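K.L.:
I have a structure here, written as structure tokens, and I will follow up with some questions on it.
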Amino acid sequence: MIEVTNLVKKYGKHTAVNNISFTVKEGEILGFLGPNGAGKSTTMNMLTGYLSSTSGTIKISGIDILENPIEAKKHIGYLPELPPLYVDMTVNDYLVFVAKLKKLPSKDLKTHINEVLERTELTHVQGRLIRNLSKGYKQRVGLASALIGSPDVLILDEPTVGLDPKQIIEMRNLIKELSEKHTIILSSHILPEISAICDSIMIINKGNMVALDTPENLKDLFSHNHLTTLRLRNTDEAFLSALRAIEGVTEVKELDSVEENTVELSLSSNRENDIREKIFEVCVTHHKPLLMMKSEDISLEDIFLKVTNQLNENSTTEDENAQDETSKGSMDEDTNPQEIGIKDMDSKDVNDSEENDTTHLVKEGAIDEDHTR
């Protein structure tokens with residue numbers, strides 16, 4: 001449904017998006033993550049045809065968006081972070097306006113808009129001015145406008161930004177429902193939301209794609225251990241030894257308990273071993289009432305921080321090495337001023353030298369010619 005191959009976007013010498021490739025299948029929800037300035041918005045603008053790429057290809061439903069942009073855009077519905085709504089229109093009038101912009105046949109217009117209103121649960125507010133709607137309903141109007149024309153692909157940029165918890169849950173459920181008939185790319189800074197509704201996750205940093213997989217596979221890739229937390233009334237050495245003897249357990253350590261007169265233990269184990277039943281059996285054998293047992297996996301936040309910090313550290317090391325090489329080269333090329341007779345140069349020679357340097361910079365495009373006047 002969406003095929004991106006070797007996508008590159010450069011602004012002068014700065015590379016905003018660096019050779020990324022991915023595919024989103026029909027009916028799939030792809031979560032798109034990255035820190036600020038990572039290249040997310042640039043990539044999404046290229047996917048929607050708003051920006052052209054420096055190189056690489058984007059195909060929407062098999063149509064190249066650069067070669068045939070009008071046809072490709074018929075298959076795209078786009079919800080930007082701030083929906084461009086005409087707030088002095090009613091909801092219904094605005095959707096009619098969008099439908100006419102998309103050149104929908106007049107005979108099907110009313111039926112189609114009613115379907116979109118019902119799908120986004122806006123029927124009861126269709127006669128109200130958009131300016132009088134809450135933030136959550138304005139987001140729904142933006143999403144409804146993206147659904148006009150029944151596009152195959154929905155690209156949603158921060159669809160839950162500024163919503164309250166109830167509205168976030170409603171929007172999340174709506175996006176899940178939409179995936180039954182649409183392929184969706186979802187960008188968000190709310191990582192639990194991405195983890196909860198996306199089939200696969202792509203993380204980019206500094207224009208590079210650093211991870212692309214399902215949430216489960218990413219957890220397996222970045223975490224080799226599983227943590228289980230226990231809360232008990234008390235413990236003893238025999239009990240701890242029995243826990244350490246459970247197959248797959250690699251470490252048992254005591255934690256600060258949040259509940260008075262209790263003990264908390266953290267057990268690390270191999271991800272392949274489910275140790276919960278064995279823990280229960282050990283507790284029964286040693287007469288240790290189990291007050292709480294909680295299994296914990298590595299979170300998407302932890303994965304996100306790992307992959308982005310790792311790339312940042314590598315980039316810092318490379319930059320430092322490059323600076324060291326540059327400094328070394330500069331030291332090797334340094335020449336004693338006395339060897340070129342600088343002290344013997346008169347003021348005319350210095351002025352001539354500065355003028356030649358300025359002329360050289362203008363020719364090289366480093367400064368504007370008007371600036372030298």
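Residue numbering restarts at 1 in every chain; chains get A, B, ... in the order shown in the structure tokens, and ligands count up from 1 in that same order.
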Could you name the residues that touch Glu118 (chain A) at 12 Å or less, counting only C-alpha atoms, but leaving out those on the same chain fewer than 4 positions away, as a list in words?
P.N.:
Asn92, Thr111, His112, Ile113, Asn114, Leu122, Thr123, His124, Val125, Gln126, Arg140, Val141, Ala144, Leu147 and Leu174 of chain A
K.L.:
Name all residues at most 9 Å from Ala238 (chain A) (count only C-alpha atoms; drop same-chain ones fewer than 4 positions away) and give them as an MDAnalysis selection string.
P.N.:
chainID A and resid 242:243 286
K.L.:
Tell me, as a list in words, which residues lie within 6 Å of Glu158 (chain A), counting only C-alpha atoms; anything in the same chain fewer than 4 positions away does not count.
P.N.:
Glu81, Ser187 and Ser188 of chain A
K.L.:
Extract, using only C-alpha atoms, all DNA, RNA and protein residues at most 10 Å from His287 (chain A), discarding same-chain residues fewer than 4 positions from it, and format them as number ranges by chain.
P.N.:
A: 235, 239, 281-283
K.L.:
Extract the full set of strand (DSSP E) residues from region 78-258 of chain A according to DSSP on the backbone, and format it as JSON, numbers by chain.
P.N.:
{"A": [78, 79, 153, 154, 155, 156, 157, 183, 184, 185, 186, 187, 200, 201, 202, 203, 204, 205, 208, 209, 210, 211, 212, 213, 225, 226, 227, 228, 229, 230, 231, 232, 249, 250, 251, 252, 253, 254, 255]}
K.L.:
Identify which of the residues A:Ile184, A:Ile65, A:Leu178, A:Ala146 lies closest to Leu30 (chain A), counting only C-alpha atoms when measuring atom-to-atom distances.
P.N.:
A:Ile184
K.L.:
Skip Met89 (chain A) itself and residues of its chain fewer than 3 positions away, then list as a list in words all residues within 12 Å of it, counting only C-alpha atoms.
P.N.:
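Near Met89 (chain A), the qualifying residues are Leu85, Tyr86, Asn92, Asp93, Tyr94, Leu95, Val96, Phe97, Val98, Gln126, Gly127, Arg128, Leu129, Ile130, Arg131, Asn132, Leu133 and Val141 of chain A.
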K.L.:
Please determine, counting only C-alpha atoms, which residue among A:Lys103, A:Lys59, A:His189, A:Arg271 has the shortest atom-to-atom distance to Glu301 (chain A).
P.N.:
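Among A:Lys103, A:Lys59, A:His189, A:Arg271, it is A:His189 that comes nearest to Glu301 (chain A).
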K.L.:
When you look at Glu260 (chain A) with a cut-off of 12 Å (counting only C-alpha atoms), what residues show up, excluding the ones that are within fewer than 3 positions of it in the same chain? I need them as an NGL selection string.
P.N.:
:A and (231-234 or 256-257 or 263-264)
K.L.:
Just to be explicit: take each residue in the selection above, keep N, CA, C and O atoms, and write the result as an mmCIF file, in the first residue's frame.
P.N.:
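Saved as selection-v2.cif:
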```cif
data_model
loop_
_atom_site.group_PDB
_atom_site.id
_atom_site.type_symbol
_atom_site.label_atom_id
_atom_site.label_comp_id
_atom_site.auth_asym_id
_atom_site.auth_seq_id
_atom_site.Cartn_x
_atom_site.Cartn_y
_atom_site.Cartn_z
ATOM 1 N N ARG A 231 6.021 -8.965 46.280
ATOM 2 C CA ARG A 231 5.869 -8.302 47.572
ATOM 3 C C ARG A 231 5.392 -9.350 48.583
ATOM 4 O O ARG A 231 4.402 -10.044 48.349
ATOM 5 N N LEU A 232 6.146 -9.455 49.709
ATOM 6 C CA LEU A 232 5.850 -10.458 50.740
ATOM 7 C C LEU A 232 5.923 -9.817 52.118
ATOM 8 O O LEU A 232 6.442 -8.709 52.270
ATOM 9 N N ARG A 233 5.443 -10.559 53.140
ATOM 10 C CA ARG A 233 5.530 -10.052 54.506
ATOM 11 C C ARG A 233 6.966 -10.106 55.016
ATOM 12 O O ARG A 233 7.425 -9.198 55.717
ATOM 13 N N ASN A 234 7.674 -11.172 54.695
ATOM 14 C CA ASN A 234 9.057 -11.308 55.147
ATOM 15 C C ASN A 234 9.762 -12.317 54.256
ATOM 16 O O ASN A 234 9.130 -12.952 53.396
ATOM 17 N N ASP A 256 13.537 -1.484 47.759
ATOM 18 C CA ASP A 256 12.855 -0.693 48.781
ATOM 19 C C ASP A 256 11.353 -0.867 48.614
ATOM 20 O O ASP A 256 10.802 -0.595 47.540
ATOM 21 N N SER A 257 10.687 -1.320 49.652
ATOM 22 C CA SER A 257 9.255 -1.580 49.562
ATOM 23 C C SER A 257 8.462 -0.292 49.740
ATOM 24 O O SER A 257 8.809 0.566 50.559
ATOM 25 N N VAL A 263 8.295 -6.756 52.225
ATOM 26 C CA VAL A 263 9.576 -6.885 51.522
ATOM 27 C C VAL A 263 9.288 -7.012 50.028
ATOM 28 O O VAL A 263 8.355 -7.723 49.636
ATOM 29 N N GLU A 264 10.062 -6.306 49.215
ATOM 30 C CA GLU A 264 9.909 -6.442 47.765
ATOM 31 C C GLU A 264 11.174 -7.032 47.169
ATOM 32 O O GLU A 264 12.286 -6.646 47.530
#
```
K.L.:
Tell me which of A:Ile58, A:Thr120, A:Asn19, A:Gly207 sits closest to Thr42 (chain A), counting only C-alpha atoms.
P.N.:
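Result for the nearest residue to Thr42 (chain A): A:Gly207.
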K.L.:
Have a look at A:Leu218, A:Val17, A:Ala245, A:Ile148 and name the one nearest to Lys100 (chain A); count only C-alpha atoms.
P.N.:
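Among A:Leu218, A:Val17, A:Ala245, A:Ile148, it is A:Ile148 that comes nearest to Lys100 (chain A).
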